[in-house]
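Undergrad: Input structure: data14.txt, which contains compact mmCIF, C-alpha atoms.
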# COMPACT_ATOMS: atom_id res chain seq x y z
CA MET Z 1 55.47 -18.59 -44.59
CA GLU Z 2 57.98 -20.51 -42.49
CA ALA Z 3 55.54 -20.49 -39.59
CA LEU Z 4 52.88 -22.08 -41.78
CA HIS Z 5 55.28 -24.76 -42.97
CA SER Z 6 56.41 -25.48 -39.41
CA VAL Z 7 52.87 -26.33 -38.32
CA GLY Z 8 52.04 -28.31 -41.44
CA ALA Z 9 49.66 -25.75 -42.93
CA LEU Z 10 51.56 -25.95 -46.22
CA LYS Z 11 53.06 -29.15 -47.54
CA ASP Z 12 55.30 -27.84 -50.32
CA LYS Z 13 57.01 -24.46 -50.33
CA GLY Z 14 56.39 -24.07 -54.04
CA SER Z 15 52.81 -25.31 -53.97
CA LEU Z 16 51.07 -21.92 -53.70
CA PRO Z 17 52.07 -18.42 -54.77
CA ALA Z 18 51.79 -16.84 -51.31
CA GLU Z 19 52.25 -13.28 -52.48
CA ASN Z 20 49.01 -13.59 -54.48
CA ASP Z 21 46.98 -15.50 -51.90
CA SER Z 22 45.39 -13.29 -49.24
CA LEU Z 23 44.34 -16.27 -47.13
CA ILE Z 24 47.91 -17.55 -46.90
CA GLN Z 25 49.17 -14.05 -46.15
CA SER Z 26 46.56 -13.71 -43.40
CA GLN Z 27 47.51 -17.09 -41.94
CA ALA Z 28 51.19 -16.12 -41.97
CA GLN Z 29 50.41 -12.81 -40.24
CA TYR Z 30 48.31 -14.62 -37.63
CA MET Z 31 51.07 -17.14 -36.92
CA ALA Z 32 53.61 -14.32 -36.65
CA LEU Z 33 51.29 -12.49 -34.24
CA LEU Z 34 51.02 -15.58 -32.05
CA GLU Z 35 54.79 -16.12 -32.09
CA ASP Z 36 55.51 -12.50 -31.15
CA SER Z 37 52.86 -12.34 -28.41
CA LEU Z 38 53.45 -12.93 -24.72
CA SER Z 39 52.17 -15.93 -22.81
CA ALA Z 40 49.99 -15.17 -19.78
CA ALA Z 41 52.97 -15.98 -17.55
CA GLU Z 42 55.25 -13.63 -19.52
CA ALA Z 43 52.64 -10.85 -19.34
CA ALA Z 44 52.28 -11.42 -15.58
CA LYS Z 45 56.04 -11.14 -15.14
CA LEU Z 46 56.17 -7.99 -17.28
CA LEU Z 47 53.36 -6.36 -15.28
CA ARG Z 48 54.65 -7.71 -11.97
CA VAL Z 49 51.36 -9.39 -11.10
CA ASP Z 50 50.23 -12.95 -10.54
CA VAL Z 51 49.20 -14.91 -13.63
CA SER Z 52 45.71 -15.24 -12.12
CA ARG Z 53 45.38 -11.44 -12.39
CA VAL Z 54 46.25 -11.62 -16.10
CA HIS Z 55 43.57 -14.29 -16.58
CA GLN Z 56 41.07 -12.14 -14.69
CA ARG Z 57 41.87 -9.16 -16.92
CA LEU Z 58 41.47 -11.31 -20.03
CA ARG Z 59 38.00 -12.39 -18.82
CA GLU Z 60 36.93 -8.81 -18.09
CA ARG Z 61 38.37 -7.60 -21.45
CA SER Z 62 40.82 -5.16 -19.89
CA LEU Z 63 43.64 -7.06 -21.64
CA PHE Z 64 43.46 -8.49 -25.15
CA GLY Z 65 44.39 -12.10 -25.65
CA ILE Z 66 44.10 -14.84 -28.21
CA GLU Z 67 43.36 -18.33 -26.99
CA HIS Z 68 45.57 -20.72 -28.94
CA GLU Z 69 46.01 -24.42 -28.30
CA GLY Z 70 44.71 -24.16 -24.75
CA SER Z 71 46.78 -21.17 -23.66
CA TRP Z 72 46.59 -17.40 -23.97
CA ARG Z 73 48.78 -15.21 -26.16
CA LEU Z 74 48.78 -11.46 -25.46
CA PRO Z 75 49.89 -9.22 -28.35
CA ARG Z 76 52.60 -6.74 -27.42
CA PHE Z 77 50.85 -3.63 -28.78
CA GLN Z 78 48.96 -3.24 -25.50
CA PHE Z 79 52.09 -2.88 -23.37
CA GLU Z 80 54.53 -0.02 -23.07
CA ARG Z 81 57.55 -0.90 -21.01
CA ARG Z 82 56.07 -2.49 -17.85
CA ILE Z 83 52.56 -1.04 -18.03
CA VAL Z 84 49.36 -1.49 -20.00
CA ILE Z 85 48.73 1.46 -22.32
CA PRO Z 86 46.38 4.03 -20.73
CA GLY Z 87 42.71 3.63 -21.59
CA LEU Z 88 43.15 0.14 -23.04
CA ALA Z 89 40.39 -1.41 -20.93
CA GLN Z 90 37.79 1.16 -22.00
CA VAL Z 91 38.72 0.79 -25.67
CA LEU Z 92 38.78 -3.03 -25.60
CA LYS Z 93 35.35 -3.13 -23.98
CA SER Z 94 34.06 -0.87 -26.78
CA LEU Z 95 35.35 -3.07 -29.62
CA PRO Z 96 32.84 -5.46 -31.16
CA PRO Z 97 33.53 -8.88 -29.60
CA ASP Z 98 33.53 -10.75 -32.94
CA LEU Z 99 36.51 -8.98 -34.52
CA PHE Z 100 39.34 -11.09 -35.88
CA PRO Z 101 42.55 -10.64 -33.83
CA LEU Z 102 44.53 -9.26 -36.80
CA ASP Z 103 41.86 -6.59 -37.30
CA ILE Z 104 42.21 -5.52 -33.68
CA VAL Z 105 46.00 -5.37 -33.82
CA ASP Z 106 45.95 -3.46 -37.11
CA TRP Z 107 43.37 -1.01 -35.78
CA PHE Z 108 45.51 -0.20 -32.75
CA ALA Z 109 48.68 0.13 -34.84
CA LEU Z 110 47.58 2.03 -37.97
CA PRO Z 111 47.04 5.80 -38.12
CA ASP Z 112 43.42 6.91 -38.14
CA PRO Z 113 42.45 10.24 -39.78
CA ASP Z 114 39.96 10.84 -36.93
CA LEU Z 115 42.82 10.83 -34.41
CA GLN Z 116 44.55 14.03 -35.38
CA LEU Z 117 44.55 17.39 -33.67
CA ASP Z 118 45.27 20.64 -35.52
CA SER Z 119 48.72 20.69 -33.94
CA ASP Z 120 49.58 17.19 -35.25
CA ALA Z 121 51.65 16.76 -38.39
CA ALA Z 122 49.91 13.46 -39.17
CA PRO Z 123 47.13 11.24 -37.81
CA LEU Z 124 47.99 8.99 -34.88
CA SER Z 125 47.21 5.35 -34.37
CA PRO Z 126 44.86 4.53 -31.49
CA ARG Z 127 47.88 3.15 -29.60
CA GLU Z 128 49.87 6.38 -30.11
CA TRP Z 129 46.80 8.43 -29.22
CA LEU Z 130 46.34 6.63 -25.91
CA LEU Z 131 50.05 6.72 -25.09
CA SER Z 132 50.15 10.48 -25.69
CA GLY Z 133 47.52 11.05 -23.00
CA ARG Z 134 44.86 12.32 -25.40
CA PRO Z 135 41.16 11.86 -24.58
CA ILE Z 136 40.31 8.17 -24.34
CA GLU Z 137 36.75 8.90 -25.48
CA ALA Z 138 37.90 9.65 -29.04
CA ALA Z 139 39.40 6.15 -29.34
CA VAL Z 140 36.36 4.61 -27.64
CA VAL Z 141 34.01 6.19 -30.22
CA LEU Z 142 36.12 4.82 -33.07
CA ALA Z 143 36.28 1.40 -31.42
CA CYS Z 144 32.48 1.27 -31.15
CA ASP Z 145 32.18 1.96 -34.88
CA LEU Z 146 34.69 -0.67 -35.95
CA THR Z 147 33.28 -3.60 -37.89
CA ARG Z 148 34.84 -6.78 -39.15
CA ALA Z 149 36.43 -6.21 -42.54
Take the structure in this file and express it as structure tokens.
TA:
Amino acid sequence: MEALHSVGALKDKGSLPAENDSLIQSQAQYMALLEDSLSAAEAAKLLRVDVSRVHQRLRERSLFGIEHEGSWRLPRFQFERRIVIPGLAQVLKSLPPDLFPLDIVDWFALPDPDLQLDSDAAPLSPREWLLSGRPIEAAVVLACDLTRA
């Protein structure tokens, strides 16, 4: 909510019951996502590459970014320490291009019942699945079937 107030999206803190308004909740989540994401320069520094390489990867959809106010923001879910999570490029290229950024982030972060082996105690999220070295194709198939909520 504070993020929305800071950019003038809400005039009066008491004007709308945010907990009951899904649009306001979605806006707050989106603003929080932008605030917590890396700039292209920060991602380049993290990955130890030139910022032009980050921009190239954004164009080819091997990194996920959100263009905001003329610059790119790269959500942190796609990085693990100083690397991009394995298989990210293949999965991103399989996602429908019209998905809302929050849908993409949620999909990568939330457990999926189709990403569970018999030996697993619980389903994994696509991010956990890729990080564990499991077959990328399983996440690619799910990504292809994802539609905007």
Undergrad: With a distance cut-off of 8 Å and only C-alpha atoms, select the neighbouring residues of Z:Ala89, excluding the residue or stretch itself and same-chain residues fewer than 5 positions from it, and output the selection as a VMD selection string.
TA: chain Z and resid 61 to 63
Undergrad: Just give me the residues with any atom within 12 Å of (40.2, -5.4, -36.2), file coordinates, counting only C-alpha atoms, written as a list in words.
TA: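 Protein, DNA and RNA residues close to (40.2, -5.4, -36.2): Phe64, Leu92, Leu95, Pro96, Pro97, Asp98, Leu99, Phe100, Pro101, Leu102, Asp103, Ile104, Val105, Asp106, Trp107, Phe108, Ala109, Leu110, Pro126, Leu142, Ala143, Cys144, Asp145, Leu146, Thr147, Arg148 and Ala149 of chain Z.
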Undergrad: Just the number, please: distance in Å from atom CA of Z:Asp36 to atom CA of Z:Arg48, one decimal.
TA: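 Interatomic distance, atom CA of Z:Asp36 to atom CA of Z:Arg48: 19.8 Å.
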Undergrad: Tell me, in Å to one decimal, how far atom CA of Z:Arg127 is from atom CA of Z:Val91.
TA: 10.2 Å
Undergrad: Quick check, in Å to one decimal: how far apart do atom CA of Z:Val54 and atom CA of Z:Ser71 lie?
TA: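 So the two atoms, atom CA of Z:Val54 and atom CA of Z:Ser71, lie 12.2 Å apart.
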Undergrad: Determine the nearest neighbour of Z:Lys45 from the options Z:Asp114, Z:Gln29, Z:Arg81, Z:Pro86, counting only C-alpha atoms.
TA: Z:Arg81
